[in-house]
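For reference, the structure discussed in these notes is given below.
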Amino acid sequence: MKRILVIFTGGTISMTKDEKSDAAVPALSAEDILKLSPGIEKLADLSFHDFGMLPSPHMTPEKMVEVSRLVTDKIEKEGYDGVVVTHGTDSLEETAYLVDLTYKGSKPVVFTGSMKSSSDFGWDGPANLTDSVLTAVAEDASGRGVMVVLSGEIHAAAQVTKTNTHTLDTFKSVDFGPLGFVEGGKAFFHYRYEKRQHIPAGRIEEEIALIKCGCGMDGRLLRFCADSGSKGIVLEAMGRGNIPPAMVDGVEYALDRKIPVVMVSRCPSGKVLDDYGYKGAGRELRDMGVILGGNLPGQKARIKLMVALGHTSDAAALKEIFEKDEYR
């Protein structure tokens with residue numbers, strides 16, 4: 001029987017409704033949740049670690065790094081065969097992606113959570129936790145990087161995103177689809193995601209701004225970020241990677257101050273390209289030195305830039321990290 005560690009960080013899976021406010025609040029410990037997941041103890045030799053009871057918005061990049069180091073230490077030093085991490089769903093994809101970028105091992109790491117609290121009808125927490133353990137113990141799970149398992153589907157942390165505010169099947173890999181699924185007490189895999197990256201960062205750079213572009217915007221936000229201590233900026237541009245022309249001087253302002261600017265799209269799928277040539281379009285921006293962020297959503301590109309700047313500040317090296325598997 002495989003040894004699996006379950007790390008509980010909080011989120012809706014650990015919440016119940018408070019009687020006075022009738023609103024969900026953190027309440028359940030790791031032991032409580034495991035007791036409410038019947039039969040899970042038969043799937044693996046389970047141990048648990050109470051990291052905290054953090055609602056999603058209370059997670060920070062610093063705590064994400066702590067989770068990543070904990071995962072690595074528990075696998076490398078204590079010999080676990082895999083790790084499952086429960087997490088609030090609002091920021092789950094960000095923590096899972098940071099761990100994926102910084103965890104070098106081959107043993108499976110699986111993130112999960114729930115969309116309903118334990119007080120709601122149809123609480124999905126126990127099923128998601130059980131499916132995650134089944135994925136972690138699967139013989140074919142090794143070497144797949146960090147995975148996310150909810151609603152019976154297995155996703156690559158590098159591709160999955162939360163697409164709906166309340167539906168149980170909110171997590172989708174909109175460009176590539178799920179890696180596999182869990183059914184009948186077993187995990188099945190369709191394919192292996194081959195573009196996983198490891199960035200050997202000893203630290204992260206937390207001061208990264210995220211700006212979403214809209215019609216008629218100018219460069220004021222970019223200049224403000226550059227002047228107020230941002231070490232990097234992620235732009236969620238329009239379409240394939242184009243911004244309003246009045247924003248261009250703000251991009252140039254940041255780049256002149258050696259602040260890297262990474263561009264992704266505000267569209268839910270597809271990657272940015274430089275095939276338009278008008279003012280504010282991708283070709284002009286890339287020629288200026290803007291880095292193309294592939295098909296990452298803004299929140300993940302921000303995490304990647306944090307990790308990348310923890311490894312290097314060299315402009316060419318940063319460009320290589322973001323573009324090497326997307327534009328060759």
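Order determines the names: the first chain of the structure tokens is A, the second B, and so forth; residues in each chain are numbered 1 upward, and ligands are numbered 1 upward as they are shown.
DSSP secondary structure from the backbone places Thr161, Lys162, Phe171, Lys172, Gly180, Phe181, Val182, Glu183, Lys186, Ala187, Phe188, Phe189, Ile208, Ala209, Leu210, Ile211, Lys212, Gly232, Ile233, Val234, Leu235, Glu236 and Ala237 of chain A of stretch 159-246 of chain A in strand (DSSP E).
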Please identify every residue of stretch 196-218 of chain A that has at least one atom no farther than 9 Å from an atom of stretch 241-259 of chain A, counting only C-alpha atoms, and for each give the shortest atom pair and the distance in Å to one decimal, arranged by chain then increasing number, as a tab-separated table.
residue	atom	partner	partner_atom	distance
A:Cys213	CA	A:Ile243	CA	6.6
A:Gly214	CA	A:Pro244	CA	7.5
A:Cys215	CA	A:Pro244	CA	6.3
A:Gly216	CA	A:Pro244	CA	6.2
A:Met217	CA	A:Pro244	CA	6.3
A:Asp218	CA	A:Met247	CA	4.2
Could you dump the residues just selected with N, CA and C atoms as an mmCIF file, in the first residue's frame?
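Saved to again.cif:
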data_model
loop_
_atom_site.group_PDB
_atom_site.id
_atom_site.type_symbol
_atom_site.label_atom_id
_atom_site.label_comp_id
_atom_site.auth_asym_id
_atom_site.auth_seq_id
_atom_site.Cartn_x
_atom_site.Cartn_y
_atom_site.Cartn_z
ATOM 1 N N CYS A 213 -6.346 44.925 -19.846
ATOM 2 C CA CYS A 213 -6.553 45.995 -20.825
ATOM 3 C C CYS A 213 -8.016 46.096 -21.245
ATOM 4 N N GLY A 214 -8.455 47.326 -21.459
ATOM 5 C CA GLY A 214 -9.789 47.598 -21.973
ATOM 6 C C GLY A 214 -9.741 48.780 -22.927
ATOM 7 N N CYS A 215 -10.778 48.930 -23.716
ATOM 8 C CA CYS A 215 -10.811 49.990 -24.722
ATOM 9 C C CYS A 215 -10.594 51.365 -24.096
ATOM 10 N N GLY A 216 -9.728 52.161 -24.718
ATOM 11 C CA GLY A 216 -9.515 53.532 -24.307
ATOM 12 C C GLY A 216 -8.561 53.721 -23.142
ATOM 13 N N MET A 217 -7.991 52.650 -22.623
ATOM 14 C CA MET A 217 -7.050 52.799 -21.508
ATOM 15 C C MET A 217 -5.750 53.425 -21.990
ATOM 16 N N ASP A 218 -5.057 54.106 -21.052
ATOM 17 C CA ASP A 218 -3.777 54.712 -21.385
ATOM 18 C C ASP A 218 -2.686 54.121 -20.499
#
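In terms of minimum interatomic distance to A:Phe189, A:Ala156 ranks closest within A:Val109, A:Met306, A:Val65, A:Ala156, counting only C-alpha atoms.
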Quiz prompt | Which of A:Ser68, A:Ser37, A:Ser21, A:Ser313 sits closest to A:Asp124 [using only C-alpha atoms] | solution = A:Ser37
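If only C-alpha atoms are the atoms counted, then among A:Phe171, A:Phe322, A:Tyr191, A:Phe48 the closest residue to A:Leu5 is A:Phe48.
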Quiz item: So which residues of stretch 157-250 of chain A fall under helix (DSSP H, G or I) by DSSP, listed as number ranges by chain?
Solution: A: 220-227, 245-250
N, CA and C atoms of the current selection, written as an mmCIF file, in the first residue's frame:
data_model
loop_
_atom_site.group_PDB
_atom_site.id
_atom_site.type_symbol
_atom_site.label_atom_id
_atom_site.label_comp_id
_atom_site.auth_asym_id
_atom_site.auth_seq_id
_atom_site.Cartn_x
_atom_site.Cartn_y
_atom_site.Cartn_z
ATOM 1 N N ARG A 220 -1.245 55.172 -17.730
ATOM 2 C CA ARG A 220 -1.089 55.633 -16.352
ATOM 3 C C ARG A 220 -0.841 54.497 -15.366
ATOM 4 N N LEU A 221 -1.573 53.400 -15.498
ATOM 5 C CA LEU A 221 -1.378 52.286 -14.567
ATOM 6 C C LEU A 221 0.019 51.687 -14.693
ATOM 7 N N LEU A 222 0.493 51.586 -15.916
ATOM 8 C CA LEU A 222 1.846 51.066 -16.135
ATOM 9 C C LEU A 222 2.895 51.972 -15.503
ATOM 10 N N ARG A 223 2.743 53.268 -15.704
ATOM 11 C CA ARG A 223 3.700 54.203 -15.111
ATOM 12 C C ARG A 223 3.629 54.168 -13.578
ATOM 13 N N PHE A 224 2.405 54.072 -13.053
ATOM 14 C CA PHE A 224 2.247 53.991 -11.603
ATOM 15 C C PHE A 224 2.956 52.758 -11.050
ATOM 16 N N CYS A 225 2.742 51.624 -11.691
ATOM 17 C CA CYS A 225 3.378 50.380 -11.227
ATOM 18 C C CYS A 225 4.901 50.498 -11.293
ATOM 19 N N ALA A 226 5.403 51.070 -12.377
ATOM 20 C CA ALA A 226 6.848 51.224 -12.528
ATOM 21 C C ALA A 226 7.430 52.134 -11.456
ATOM 22 N N ASP A 227 6.682 53.156 -11.069
ATOM 23 C CA ASP A 227 7.178 54.133 -10.089
ATOM 24 C C ASP A 227 6.942 53.716 -8.642
ATOM 25 N N PRO A 245 -3.615 52.001 -28.254
ATOM 26 C CA PRO A 245 -2.383 52.720 -28.580
ATOM 27 C C PRO A 245 -1.904 53.663 -27.485
ATOM 28 N N ALA A 246 -2.826 54.193 -26.677
ATOM 29 C CA ALA A 246 -2.424 55.118 -25.620
ATOM 30 C C ALA A 246 -1.697 54.426 -24.469
ATOM 31 N N MET A 247 -1.713 53.083 -24.459
ATOM 32 C CA MET A 247 -0.996 52.345 -23.419
ATOM 33 C C MET A 247 0.468 52.119 -23.764
ATOM 34 N N VAL A 248 0.807 52.291 -25.035
ATOM 35 C CA VAL A 248 2.146 51.932 -25.494
ATOM 36 C C VAL A 248 3.233 52.719 -24.772
ATOM 37 N N ASP A 249 3.011 54.018 -24.537
ATOM 38 C CA ASP A 249 4.050 54.803 -23.873
ATOM 39 C C ASP A 249 4.277 54.321 -22.443
ATOM 40 N N GLY A 250 3.226 53.769 -21.805
ATOM 41 C CA GLY A 250 3.392 53.204 -20.478
ATOM 42 C C GLY A 250 4.235 51.942 -20.490
#
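Interatomic distance, atom CA of A:Lys35 against atom CA of A:Met53: 17.0 Å.
What separates atom CA of A:Leu235 from atom CA of A:Met59 is a distance of 22.3 Å.
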Quiz item: Taking only C-alpha atoms into account, which of A:Glu183, A:Asp120, A:Asp81, A:Glu76 comes nearest A:Val137?
Solution: A:Asp81
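Between atom CA of A:Lys42 and atom CA of A:Ile4 there is a distance of 11.7 Å.
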Quiz prompt | 8 Å contact set for A:Gly125, only C-alpha atoms, chain neighbours under 5 positions out, as a count of residues only | solution = 7
Close residues, A:Thr102 itself excluded, 8 Å, only C-alpha atoms, min 5 positions apart in chain, as a PDB file with C-alpha atoms, in the first residue's frame:
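Output saved as selection-v4.pdb:
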ATOM      1  CA  SER A  68       6.022  23.865  -2.314  1.00  0.00           C
ATOM      2  CA  HIS A 198      11.004  23.513 -13.849  1.00  0.00           C
ATOM      3  CA  ILE A 199      12.529  26.825 -12.762  1.00  0.00           C
ATOM      4  CA  PRO A 200      15.309  26.374 -10.151  1.00  0.00           C
ATOM      5  CA  ALA A 201      14.424  29.467  -8.133  1.00  0.00           C
ATOM      6  CA  VAL A 307       9.292  32.423  -9.912  1.00  0.00           C
TER       7      VAL A 307
END
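Distances here use only C-alpha atoms; by that measure, the residue among A:Leu179, A:Met15, A:Val290, A:Thr165 closest to A:Asp140 is A:Leu179.
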Quiz prompt | Spatial neighbours of stretch 22-29 of chain A, 8 Å, only C-alpha atoms, chain gap at least 2 places, as a list in words | solution = Phe8, Gly10, Gly11, Thr12, Ser14, Met15, Thr16, Lys17, Asp18, Glu19, Lys20, Glu31, Asp32, Ile33, Asp50, Met53, Leu54, Pro55 and Ser117 of chain A
Any chance you could export the current selection's N, CA and C atoms as a compact mmCIF listing (two decimals), in the first residue's frame?
# COMPACT_ATOMS: atom_id res chain seq x y z
N PHE A 8 -3.56 19.72 4.31
CA PHE A 8 -4.79 20.52 4.33
C PHE A 8 -4.44 21.99 4.52
N GLY A 10 -6.91 24.47 3.81
CA GLY A 10 -8.14 25.22 4.04
C GLY A 10 -9.03 25.26 2.82
N GLY A 11 -9.78 26.35 2.66
CA GLY A 11 -10.70 26.47 1.55
C GLY A 11 -12.09 25.98 1.91
N THR A 12 -12.98 25.97 0.93
CA THR A 12 -14.38 25.59 1.16
C THR A 12 -14.51 24.17 1.67
N SER A 14 -13.01 22.82 3.91
CA SER A 14 -12.86 22.80 5.37
C SER A 14 -13.91 23.69 6.06
N MET A 15 -14.92 24.13 5.31
CA MET A 15 -15.87 25.10 5.87
C MET A 15 -17.23 24.49 6.19
N THR A 16 -17.89 25.09 7.19
CA THR A 16 -19.28 24.84 7.50
C THR A 16 -19.98 26.18 7.64
N LYS A 17 -21.29 26.18 7.61
CA LYS A 17 -22.03 27.44 7.74
C LYS A 17 -22.17 27.83 9.21
N ASP A 18 -21.79 29.05 9.48
CA ASP A 18 -21.94 29.60 10.82
C ASP A 18 -23.42 29.86 11.10
N GLU A 19 -23.89 29.44 12.28
CA GLU A 19 -25.32 29.56 12.59
C GLU A 19 -25.78 31.01 12.66
N LYS A 20 -24.94 31.88 13.16
CA LYS A 20 -25.35 33.28 13.31
C LYS A 20 -25.39 34.03 11.99
N GLU A 31 -8.33 15.93 10.25
CA GLU A 31 -8.90 14.70 10.80
C GLU A 31 -10.41 14.67 10.61
N ASP A 32 -11.07 15.81 10.79
CA ASP A 32 -12.52 15.89 10.58
C ASP A 32 -12.90 15.52 9.16
N ILE A 33 -12.18 16.09 8.20
CA ILE A 33 -12.50 15.86 6.79
C ILE A 33 -12.27 14.40 6.41
N ASP A 50 -1.79 19.38 8.92
CA ASP A 50 -2.63 20.59 8.96
C ASP A 50 -1.76 21.81 8.70
N MET A 53 -6.12 26.76 7.84
CA MET A 53 -7.52 26.85 7.39
C MET A 53 -7.71 28.15 6.63
N LEU A 54 -7.01 28.28 5.53
CA LEU A 54 -6.97 29.54 4.79
C LEU A 54 -8.06 29.60 3.72
N PRO A 55 -8.95 30.60 3.77
CA PRO A 55 -9.79 30.84 2.59
C PRO A 55 -8.89 31.23 1.41
N SER A 117 -19.58 23.73 0.70
CA SER A 117 -19.12 23.49 2.07
C SER A 117 -19.79 22.23 2.62
Quiz prompt | Close residues, A:Pro178 itself excluded, 9 Å, only C-alpha atoms, min 3 positions apart in chain, as a PyMOL selection string | solution = chain A and resi 153-156+159-160+172-174+181+189-191
Quiz item: Skipping near chain neighbours, those fewer than 2 positions away, what residues fall within 12 Å of A:Glu94 using only C-alpha atoms, listed as an MDAnalysis selection string?
Solution: chainID A and resid 56:57 59:61 63:65 67:68 87:92 96:101 111 146 148 157:162 296:304 306:307
Selection file, C-alpha atoms, as a tab-separated table (two decimals), in the first residue's frame:
chain	number	residue	atom	x	y	z
A	56	SER	CA	-8.52	31.22	-0.98
A	57	PRO	CA	-8.01	35.02	-0.87
A	59	MET	CA	-3.29	32.56	0.41
A	60	THR	CA	-0.14	34.54	-0.40
A	61	PRO	CA	2.85	33.88	-2.67
A	63	LYS	CA	2.64	30.71	1.73
A	64	MET	CA	2.60	29.10	-1.72
A	65	VAL	CA	6.37	28.75	-1.48
A	67	VAL	CA	3.56	24.63	0.49
A	68	SER	CA	6.02	23.87	-2.31
A	87	HIS	CA	-6.95	24.11	-1.18
A	88	GLY	CA	-9.51	26.85	-1.68
A	89	THR	CA	-10.64	26.86	-5.30
A	90	ASP	CA	-10.37	30.63	-5.95
A	91	SER	CA	-6.56	30.54	-5.87
A	92	LEU	CA	-5.97	26.79	-6.24
A	96	ALA	CA	-0.70	24.41	-7.89
A	97	TYR	CA	1.16	26.12	-10.75
A	98	LEU	CA	3.81	27.60	-8.46
A	99	VAL	CA	4.41	24.16	-6.99
A	100	ASP	CA	4.56	22.68	-10.49
A	101	LEU	CA	7.23	25.20	-11.52
A	111	PHE	CA	-4.38	19.49	-5.66
A	146	VAL	CA	1.44	18.63	-10.39
A	148	VAL	CA	-5.55	19.11	-10.17
A	157	ALA	CA	-1.65	22.33	-13.10
A	158	ALA	CA	0.00	24.24	-15.94
A	159	GLN	CA	-3.21	24.21	-18.00
A	160	VAL	CA	-6.20	24.19	-15.67
A	161	THR	CA	-8.18	27.27	-14.67
A	162	LYS	CA	-11.37	28.01	-12.77
A	296	LEU	CA	-1.34	31.41	-19.69
A	297	PRO	CA	-4.09	33.43	-18.00
A	298	GLY	CA	-2.92	36.59	-16.27
A	299	GLN	CA	-2.91	35.15	-12.77
A	300	LYS	CA	-0.67	32.26	-13.81
A	301	ALA	CA	1.66	34.43	-15.87
A	302	ARG	CA	2.08	36.55	-12.73
A	303	ILE	CA	3.04	33.46	-10.72
A	304	LYS	CA	5.49	32.38	-13.42
A	306	MET	CA	7.47	35.74	-9.72
A	307	VAL	CA	9.29	32.42	-9.91
